[in-house]
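Data first, discussion second: the structure below is written as structure tokens.
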Amino acid sequence: MKLSKLILCLPVLLLLSIGSFAQREKVDSLKKVLQSLHDTSKVDCLNELSYQYVLAERKDSATYFSNLAYKEAKKMNYIHGIAISYSRQSQIAKHFDDDFAQSEIFARESLQWFQKTRNKKGLNELYFYLIFNFVAQSKFDEGIYYGNEFYKWANKQGDISLVLESTSWLIDLYRSRGDFEKSFFYAQILHELAIGAKNKVWISSSLYKLAQLYQLIENYQEALSYFRKVISMDDSDIVQDRIRTDNDIWFKMEFAETFWHLNQFDSAWHYYNLYNPGEVSIYYRVYLVSTGECYLLQKNYPQALQNLLQGLDLHKKLNDRNEIMRTQLDVAKAYLFQGNYTAALSYAREGLAIALQTKTRHIIRDGYQISYAAYDNMHENDSAYLYYRRHISLKDSVLNDQIKGKFAAYNYEKKIESINKEKEIQQVRLQNEMFTKKVLVGGVLCLLVSGTILFRNTILKRRNEKQRLEHELEMQKLESEKARVALQQQATELEMQALRAQMNPHFIFNSLNSINRFILQNNKAQASVYLTKFSKLVRMILQNSQASLITLESELESLELYLDLEALRFNYQFAYRISVPKDMDIEVLKVPPLIIQPYAENAIWHGLMHKEEKGLLDIEISQDGDYLFVKITDDGIGRKHAAELASKSATRHKSMGLKITADRIAMLHRLNESESPVTTNDLVHPDGRPAGTEVIIKMPVKYN
């Protein structure tokens with residue numbers, strides 16, 4: 001070793017020697033005290049000795065004193081001592097052997113003993129071992145359960161450090177499970193708690209977790225912004241905490257990955273070269289996989305395979321299941337692009353097997369896509385079609401998770417903006433009235449802009465998907481009539497989705513106009529109530545629009561919310577009633593989303609709106625054999641009188657959703673090889689006067 005290197009290493013060697021000396025001194029002190037201790041104090045000392053030997057990296061001694069503590073505690077039925085001894089065994093199995101299954105067994109046993117005693121000292125450490133084991137084994141559902149238990153217990157204790165730690169676990173668990181909405185929720189809580197506690201380490205950690213979430217919902221520009229916020233805060237304490245928690249290398253690699261997601265490869269390689277941990281580092285595997293993915297995106301497949309296979313081998317040695325399944329699919333992609341379809345299928349199957357066990361849906365989706373592409377290139381059409389269907393069905397579900405995450409992120413950013421605006425308003429002492437009006441108008445504009453953009457993008461994506469599918473149908477020569485019919489039915493399904501997407505913007509614009517009218521009339525209370533219900537309805541519409549069929553229960557819930565809005569909007573000029581037979585299972589019956597609302601809207605605007613006295617809208621659901629009937633009856637002025645009023649009015653309201661809805665019902669019947677009856681009847685009193693209008697919709701019963 002050169003002299004200069006030796007001089008540089010001296011401070012590190014000195015610190016290690018001081019730490020080692022302090023460790024030995026602590027152990028010697030405990031051993032001396034142990035001789036004079038009895039009963040529970042002796043057990044506590046034995047458990048502490050076991051812990052000190054774990055820190056000293058001496059497994060045999062740590063195990064010996066933990067077993068001795070258990071025996072002594074068992075003799076006197078010292079429940080807390082037994083709980084701690086099991087907790088220590090869990091720590092030993094995790095720390096020394098990476099035996100997460102055995103560590104989980106010890107942790108579960110420890111938790112059972114903790115539940116029998118009021119002494120909860122050490123329970124927070126146990127929750128750490130327990131949740132860590134679930135994450136390491138990709139048992140995310142169980143991890144989420146115990147993560148929530150830890151979170152509740154931490155809040156009950158009122159210890160901010162425990163609350164911060166438990167909240168951080170929930171962010172990671174929900175993110176790994178693919179529930180980005182809840183992960184964003186807890187990330188927001190963590191950030192606010194950290195700011196309130198003025199804890200710079202946790203503030204930095206919360207910003208890093210937000211950056212990870214933005215990356216997963218594919219908002220890479222925002223992710224880059226949060227990564228840079230973390231870097232701007234970096235000091236020795238923050239960096240050392242990332243190193244201590246094994247997060248530093250992941251942070252650096254994810255930061256570099258953000259650049260190649262944005263096609264900024266020069267910047268990505270700049271940071272890869274800057275953050276290369278070197279081949280002797282235990283973190284070299286993380287660097288290899290991350291750079292392998294970058295090579296893959298740059299179409300340098302030989303180099304990508306070299307890095308990914310080397311990284312995969314190191315992941316397997318450490319039994320890191322989460323990274324193993326990710327890397328196996330990366331390797332499968334590389335082989336797929338090189339034309340080695342057999343190897344691609346082999347690695348895809350291995351990755352899929354782990355992903356299916358762990359229920360990691362975005363990994364399962366990618367595994368199905370790779371398998372489909374490989375079989376397609378091998379001209380094995382049946383297998384290709386099978387995996388293609390699986391990919392399509394899961395793709396929408398994962399996309400829905402991302403959309404929920406995007407809405408959660410949007411709401412979080414809007415909340416931050418609202419807080420900043422409020423501070424500014426307080427500083428310049430603006431009046432309360434002006435503040436309320438600005439918030440309401442700003443909220444309406446934001447909803448209008450975001451709603452328009454989201455629905456436009458949805459329509460374009462579905463249109464492109466339909467065109468791509470039609471092109472594939474033309475190129476492929478199906479060998480059986482069954483496959484041809486199935487693909488035609490899928491194309492028809494896409495047409496129904498496109499028609500359904502056109503209705504949502506129409507309803508949103510009508511409702512936003514009503515909110516705007518309340519604001520202009522300075523009716524703040526009505527505007528606030530309307531905006532709250534409208535936001536809930538928009539959320540339901542966005543969720544329901546992801547499926548071609550929804551439960552009748554969900555359809556009636558959104559219909560009832562819409563009718564509440566319209567009743568409020570017309571100052572309760574009409575009442576409504578929805579009748580459903582008690583024996584009808586509305587949780588199982590399926591209908592297209594927003595199939596009743598356009599006819600209800602038409603009845604309100606053309607029948608009940610012009611009635612002098614209070615009107616009634618009656619909606620009755622019934623089933624006859626294989627058909628579902630929806631009867632919409634109003635006691636309004638009738639179609640003839642409404643047409644006369646419309647011809648005299650300068651401004652006319654026309655329900656543009658009727659034509660679209662009629663087409664949707666017709667398409668639904670066409671799939672079932674029957675006509676599409678939507679019957680409209682004029683009701684009259686015995687003396688011939690108009691008594692309202694009746695619309696009967698007939699739809700085939702569907703359960704899936």
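Chain labels follow the order of the structure tokens: the first chain is A, the next B, and so on; residue numbering restarts at 1 in every chain, and ligands are counted from 1 in their shown order.
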
Pick out the residues sitting within 10 Å of segment 125-131 of chain A, and hand them over as a short mmCIF file (atom, residue, chain, number, x, y, z; two decimals) with C-alpha atoms, in the first residue's frame; count only C-alpha atoms, and ignore anything fewer than 5 positions along from it in its own chain.
```cif
data_model
loop_
_atom_site.label_atom_id
_atom_site.label_comp_id
_atom_site.auth_asym_id
_atom_site.auth_seq_id
_atom_site.Cartn_x
_atom_site.Cartn_y
_atom_site.Cartn_z
CA ALA A 83 -40.58 -11.84 23.81
CA ILE A 84 -37.19 -10.08 23.60
CA TYR A 86 -37.40 -14.41 20.31
CA SER A 87 -36.96 -10.94 18.82
CA ARG A 88 -33.20 -11.31 19.17
CA SER A 90 -35.23 -13.08 14.58
CA GLN A 91 -32.53 -10.42 14.31
CA LYS A 94 -31.89 -11.99 9.39
CA HIS A 95 -28.53 -10.34 10.09
CA PHE A 100 -35.86 -14.43 6.17
CA SER A 103 -36.48 -14.82 11.00
CA GLU A 104 -40.19 -14.39 10.27
CA ILE A 105 -41.05 -17.44 12.42
CA PHE A 106 -39.11 -16.05 15.40
CA ALA A 107 -40.64 -12.59 14.91
CA ARG A 108 -44.21 -13.96 14.85
CA SER A 110 -42.08 -12.79 19.70
CA LEU A 111 -45.15 -10.76 18.73
CA PHE A 114 -45.54 -9.13 23.37
CA ALA A 136 -37.50 -9.53 1.56
CA GLN A 137 -39.80 -12.47 0.76
CA LYS A 139 -45.06 -11.01 0.99
CA PHE A 140 -46.49 -7.55 0.49
CA GLU A 142 -48.85 -9.51 5.06
CA GLY A 143 -46.30 -6.71 5.20
CA ILE A 144 -49.08 -4.15 4.69
CA TYR A 145 -51.14 -5.70 7.48
CA TYR A 146 -48.31 -5.51 10.02
CA GLY A 147 -47.22 -2.15 8.66
CA GLU A 149 -50.45 -2.40 12.97
CA PHE A 150 -47.07 -0.74 13.54
CA TYR A 151 -48.47 2.60 12.34
CA LEU A 162 -41.81 5.74 15.60
CA GLU A 165 -40.57 5.10 10.74
CA SER A 166 -43.92 3.27 10.52
CA TRP A 169 -42.70 1.44 5.87
CA LEU A 170 -46.28 1.90 4.65
CA LEU A 173 -45.11 -1.54 1.14
#
```

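The residue that comes closest to Gln212 of chain A, out of A:Phe629, A:Tyr226, A:Tyr388, A:Phe518 and on the basis of only C-alpha atoms, is A:Tyr226.
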
For a quick check of understanding, using only C-alpha atoms, which of A:Ile596, A:Val538, A:Ile231, A:Ala527 has the smallest distance to Ser450 of chain A? A:Val538

Can you tell me how far atom CA of Leu297 of chain A sits from atom CA of Ala334 of chain A, in Å to one decimal? 9.6 Å

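Note that atom CA of Val701 of chain A and atom CA of Tyr627 of chain A are 5.0 Å apart.
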
With the cut-off set at 9 Å and counting only C-alpha atoms, tabulate each residue of segment 133-165 of chain A with an atom at most that distance from an atom of segment 180-195 of chain A, showing the nearest atom pair and its distance in Å to one decimal, ordered by chain and increasing number, as a tab-separated table.
```
residue	atom	partner	partner_atom	distance
A:Ile160	CA	A:Leu193	CA	8.1
A:Val163	CA	A:Leu190	CA	8.6
A:Leu164	CA	A:Leu190	CA	6.2
A:Glu165	CA	A:Leu190	CA	8.9
```

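Across the structure, atom CA of Leu617 of chain A and atom CA of Leu556 of chain A are spaced 14.3 Å apart.
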
Could you pull the residues within 10 Å of Ala642 of chain A, counting only C-alpha atoms, minus those fewer than 3 positions along the same chain, as a list in words? Trp605, His606, Gly607, Leu608, Met609, His610, Lys611, Gly636, Ile637, Gly638, Arg639, Leu645, Ala646 and Ser647 of chain A

Selection file, C-alpha atoms, as a PDB file, in the first residue's frame:
```pdb
ATOM      1  CA  TRP A 605     -84.428  19.173 -18.689  1.00  0.00           C
ATOM      2  CA  HIS A 606     -87.312  18.590 -21.105  1.00  0.00           C
ATOM      3  CA  GLY A 607     -90.029  17.265 -18.799  1.00  0.00           C
ATOM      4  CA  LEU A 608     -89.639  18.451 -15.206  1.00  0.00           C
ATOM      5  CA  MET A 609     -87.736  21.726 -15.667  1.00  0.00           C
ATOM      6  CA  HIS A 610     -90.744  23.515 -17.251  1.00  0.00           C
ATOM      7  CA  LYS A 611     -93.332  22.201 -14.782  1.00  0.00           C
ATOM      8  CA  GLY A 636     -93.465  16.497 -16.655  1.00  0.00           C
ATOM      9  CA  ILE A 637     -95.091  18.500 -19.430  1.00  0.00           C
ATOM     10  CA  GLY A 638     -94.703  15.823 -22.079  1.00  0.00           C
ATOM     11  CA  ARG A 639     -92.679  15.706 -25.274  1.00  0.00           C
ATOM     12  CA  LEU A 645     -91.333  25.535 -25.699  1.00  0.00           C
ATOM     13  CA  ALA A 646     -87.972  24.615 -27.243  1.00  0.00           C
ATOM     14  CA  SER A 647     -88.998  26.056 -30.624  1.00  0.00           C
TER      15      SER A 647
END
```

12 Å contact set for Ile550 of chain A, only C-alpha atoms, chain neighbours under 2 positions out, as number ranges by chain: A: 540-541, 543-548, 552-558, 586-595, 702-704

With a distance cut-off of 7 Å and only C-alpha atoms, select the neighbouring residues of Ser371 of chain A, excluding the residue or stretch itself and same-chain residues fewer than 2 positions from it, and output the selection as an MDAnalysis selection string. chainID A and resid 345 348 367:369 373:375 387

Using backbone DSSP assignments, extract all helix (DSSP H, G or I) residues from segment 75-236 of chain A; output them as a PyMOL selection string. chain A and resi 75+79-97+100-114+123-136+140-157+160-177+180-197+200-216+220-233+236

What lies within 10 Å of segment 66-80 of chain A using only C-alpha atoms, ignoring chain neighbours under 2 positions off, as JSON, numbers by chain? {"A": [38, 39, 40, 42, 43, 44, 45, 46, 47, 48, 49, 50, 51, 60, 61, 62, 63, 64, 82, 83, 84, 85, 86, 87, 88, 89, 92, 110, 113, 114, 115, 116, 117, 118, 119, 120, 121, 122]}

Take the residues from that selection and write them out as an mmCIF file, in the first residue's frame, keeping N, CA and C atoms.
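File produced: out17.cif:
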```cif
data_model
loop_
_atom_site.group_PDB
_atom_site.id
_atom_site.type_symbol
_atom_site.label_atom_id
_atom_site.label_comp_id
_atom_site.auth_asym_id
_atom_site.auth_seq_id
_atom_site.Cartn_x
_atom_site.Cartn_y
_atom_site.Cartn_z
ATOM 1 N N HIS A 38 -30.175 -11.008 39.409
ATOM 2 C CA HIS A 38 -31.076 -12.152 39.584
ATOM 3 C C HIS A 38 -32.416 -11.846 38.929
ATOM 4 N N ASP A 39 -33.204 -12.881 38.766
ATOM 5 C CA ASP A 39 -34.585 -12.756 38.290
ATOM 6 C C ASP A 39 -34.657 -12.035 36.941
ATOM 7 N N THR A 40 -35.634 -11.117 36.823
ATOM 8 C CA THR A 40 -35.880 -10.470 35.526
ATOM 9 C C THR A 40 -34.708 -9.596 35.079
ATOM 10 N N LYS A 42 -31.598 -10.210 35.418
ATOM 11 C CA LYS A 42 -30.606 -11.093 34.801
ATOM 12 C C LYS A 42 -30.999 -11.407 33.355
ATOM 13 N N VAL A 43 -32.292 -11.682 33.143
ATOM 14 C CA VAL A 43 -32.770 -11.977 31.784
ATOM 15 C C VAL A 43 -32.555 -10.779 30.870
ATOM 16 N N ASP A 44 -32.874 -9.577 31.355
ATOM 17 C CA ASP A 44 -32.688 -8.359 30.557
ATOM 18 C C ASP A 44 -31.222 -8.170 30.184
ATOM 19 N N CYS A 45 -30.323 -8.474 31.125
ATOM 20 C CA CYS A 45 -28.888 -8.334 30.860
ATOM 21 C C CYS A 45 -28.421 -9.348 29.817
ATOM 22 N N LEU A 46 -28.941 -10.571 29.879
ATOM 23 C CA LEU A 46 -28.575 -11.598 28.899
ATOM 24 C C LEU A 46 -29.045 -11.209 27.497
ATOM 25 N N ASN A 47 -30.245 -10.683 27.407
ATOM 26 C CA ASN A 47 -30.756 -10.225 26.106
ATOM 27 C C ASN A 47 -29.928 -9.066 25.558
ATOM 28 N N GLU A 48 -29.515 -8.173 26.434
ATOM 29 C CA GLU A 48 -28.696 -7.038 25.995
ATOM 30 C C GLU A 48 -27.312 -7.519 25.534
ATOM 31 N N LEU A 49 -26.758 -8.511 26.224
ATOM 32 C CA LEU A 49 -25.474 -9.091 25.794
ATOM 33 C C LEU A 49 -25.600 -9.700 24.396
ATOM 34 N N SER A 50 -26.715 -10.393 24.148
ATOM 35 C CA SER A 50 -26.945 -10.970 22.823
ATOM 36 C C SER A 50 -26.962 -9.874 21.763
ATOM 37 N N TYR A 51 -27.621 -8.766 22.069
ATOM 38 C CA TYR A 51 -27.700 -7.650 21.128
ATOM 39 C C TYR A 51 -26.311 -7.059 20.852
ATOM 40 N N ASP A 60 -22.183 -16.743 17.127
ATOM 41 C CA ASP A 60 -22.259 -17.808 18.128
ATOM 42 C C ASP A 60 -22.556 -17.250 19.515
ATOM 43 N N SER A 61 -21.859 -16.190 19.879
ATOM 44 C CA SER A 61 -22.068 -15.593 21.204
ATOM 45 C C SER A 61 -23.454 -14.971 21.301
ATOM 46 N N ALA A 62 -23.891 -14.316 20.224
ATOM 47 C CA ALA A 62 -25.218 -13.701 20.225
ATOM 48 C C ALA A 62 -26.292 -14.767 20.405
ATOM 49 N N THR A 63 -26.145 -15.905 19.702
ATOM 50 C CA THR A 63 -27.113 -16.996 19.811
ATOM 51 C C THR A 63 -27.089 -17.620 21.203
ATOM 52 N N TYR A 64 -25.883 -17.796 21.746
ATOM 53 C CA TYR A 64 -25.736 -18.414 23.074
ATOM 54 C C TYR A 64 -26.478 -17.610 24.143
ATOM 55 N N ILE A 82 -39.096 -13.373 27.439
ATOM 56 C CA ILE A 82 -39.281 -14.359 26.368
ATOM 57 C C ILE A 82 -39.484 -13.652 25.032
ATOM 58 N N ALA A 83 -40.305 -12.599 25.042
ATOM 59 C CA ALA A 83 -40.578 -11.841 23.806
ATOM 60 C C ALA A 83 -39.298 -11.263 23.221
ATOM 61 N N ILE A 84 -38.436 -10.686 24.084
ATOM 62 C CA ILE A 84 -37.190 -10.084 23.603
ATOM 63 C C ILE A 84 -36.229 -11.151 23.095
ATOM 64 N N SER A 85 -36.184 -12.308 23.753
ATOM 65 C CA SER A 85 -35.264 -13.369 23.305
ATOM 66 C C SER A 85 -35.650 -13.874 21.914
ATOM 67 N N TYR A 86 -36.955 -14.026 21.658
ATOM 68 C CA TYR A 86 -37.402 -14.410 20.314
ATOM 69 C C TYR A 86 -37.097 -13.310 19.298
ATOM 70 N N SER A 87 -37.275 -12.070 19.707
ATOM 71 C CA SER A 87 -36.964 -10.941 18.817
ATOM 72 C C SER A 87 -35.484 -10.944 18.443
ATOM 73 N N ARG A 88 -34.631 -11.266 19.447
ATOM 74 C CA ARG A 88 -33.199 -11.314 19.167
ATOM 75 C C ARG A 88 -32.870 -12.447 18.207
ATOM 76 N N GLN A 89 -33.544 -13.610 18.357
ATOM 77 C CA GLN A 89 -33.324 -14.730 17.430
ATOM 78 C C GLN A 89 -33.728 -14.336 16.005
ATOM 79 N N ILE A 92 -30.943 -12.243 14.622
ATOM 80 C CA ILE A 92 -29.759 -13.055 14.304
ATOM 81 C C ILE A 92 -29.953 -13.780 12.968
ATOM 82 N N SER A 110 -42.352 -13.918 18.797
ATOM 83 C CA SER A 110 -42.082 -12.790 19.699
ATOM 84 C C SER A 110 -43.306 -11.893 19.836
ATOM 85 N N TRP A 113 -45.879 -13.154 22.243
ATOM 86 C CA TRP A 113 -45.526 -12.925 23.653
ATOM 87 C C TRP A 113 -45.677 -11.453 24.019
ATOM 88 N N PHE A 114 -45.361 -10.554 23.098
ATOM 89 C CA PHE A 114 -45.536 -9.125 23.372
ATOM 90 C C PHE A 114 -47.013 -8.794 23.629
ATOM 91 N N GLN A 115 -47.907 -9.513 22.957
ATOM 92 C CA GLN A 115 -49.343 -9.257 23.127
ATOM 93 C C GLN A 115 -49.850 -9.682 24.499
ATOM 94 N N LYS A 116 -49.029 -10.455 25.231
ATOM 95 C CA LYS A 116 -49.442 -10.945 26.553
ATOM 96 C C LYS A 116 -48.924 -10.067 27.685
ATOM 97 N N THR A 117 -48.134 -9.060 27.382
ATOM 98 C CA THR A 117 -47.538 -8.235 28.424
ATOM 99 C C THR A 117 -47.771 -6.752 28.157
ATOM 100 N N ARG A 118 -47.820 -5.966 29.216
ATOM 101 C CA ARG A 118 -47.966 -4.518 29.077
ATOM 102 C C ARG A 118 -46.643 -3.848 28.759
ATOM 103 N N ASN A 119 -45.560 -4.527 29.018
ATOM 104 C CA ASN A 119 -44.235 -3.969 28.749
ATOM 105 C C ASN A 119 -43.937 -4.096 27.251
ATOM 106 N N LYS A 120 -44.042 -2.990 26.518
ATOM 107 C CA LYS A 120 -43.867 -3.004 25.060
ATOM 108 C C LYS A 120 -42.473 -2.530 24.623
ATOM 109 N N LYS A 121 -41.556 -2.411 25.580
ATOM 110 C CA LYS A 121 -40.207 -1.982 25.212
ATOM 111 C C LYS A 121 -39.568 -3.000 24.264
ATOM 112 N N GLY A 122 -39.100 -2.523 23.096
ATOM 113 C CA GLY A 122 -38.505 -3.402 22.093
ATOM 114 C C GLY A 122 -39.477 -3.822 21.012
#
```

Within 12 Å of His270 of chain A, counting only C-alpha atoms, which residues show up once you throw out same-chain ones fewer than 6 positions away? Write them as an MDAnalysis selection string, please. chainID A and resid 252:253 255:257 259:260 264 276 291
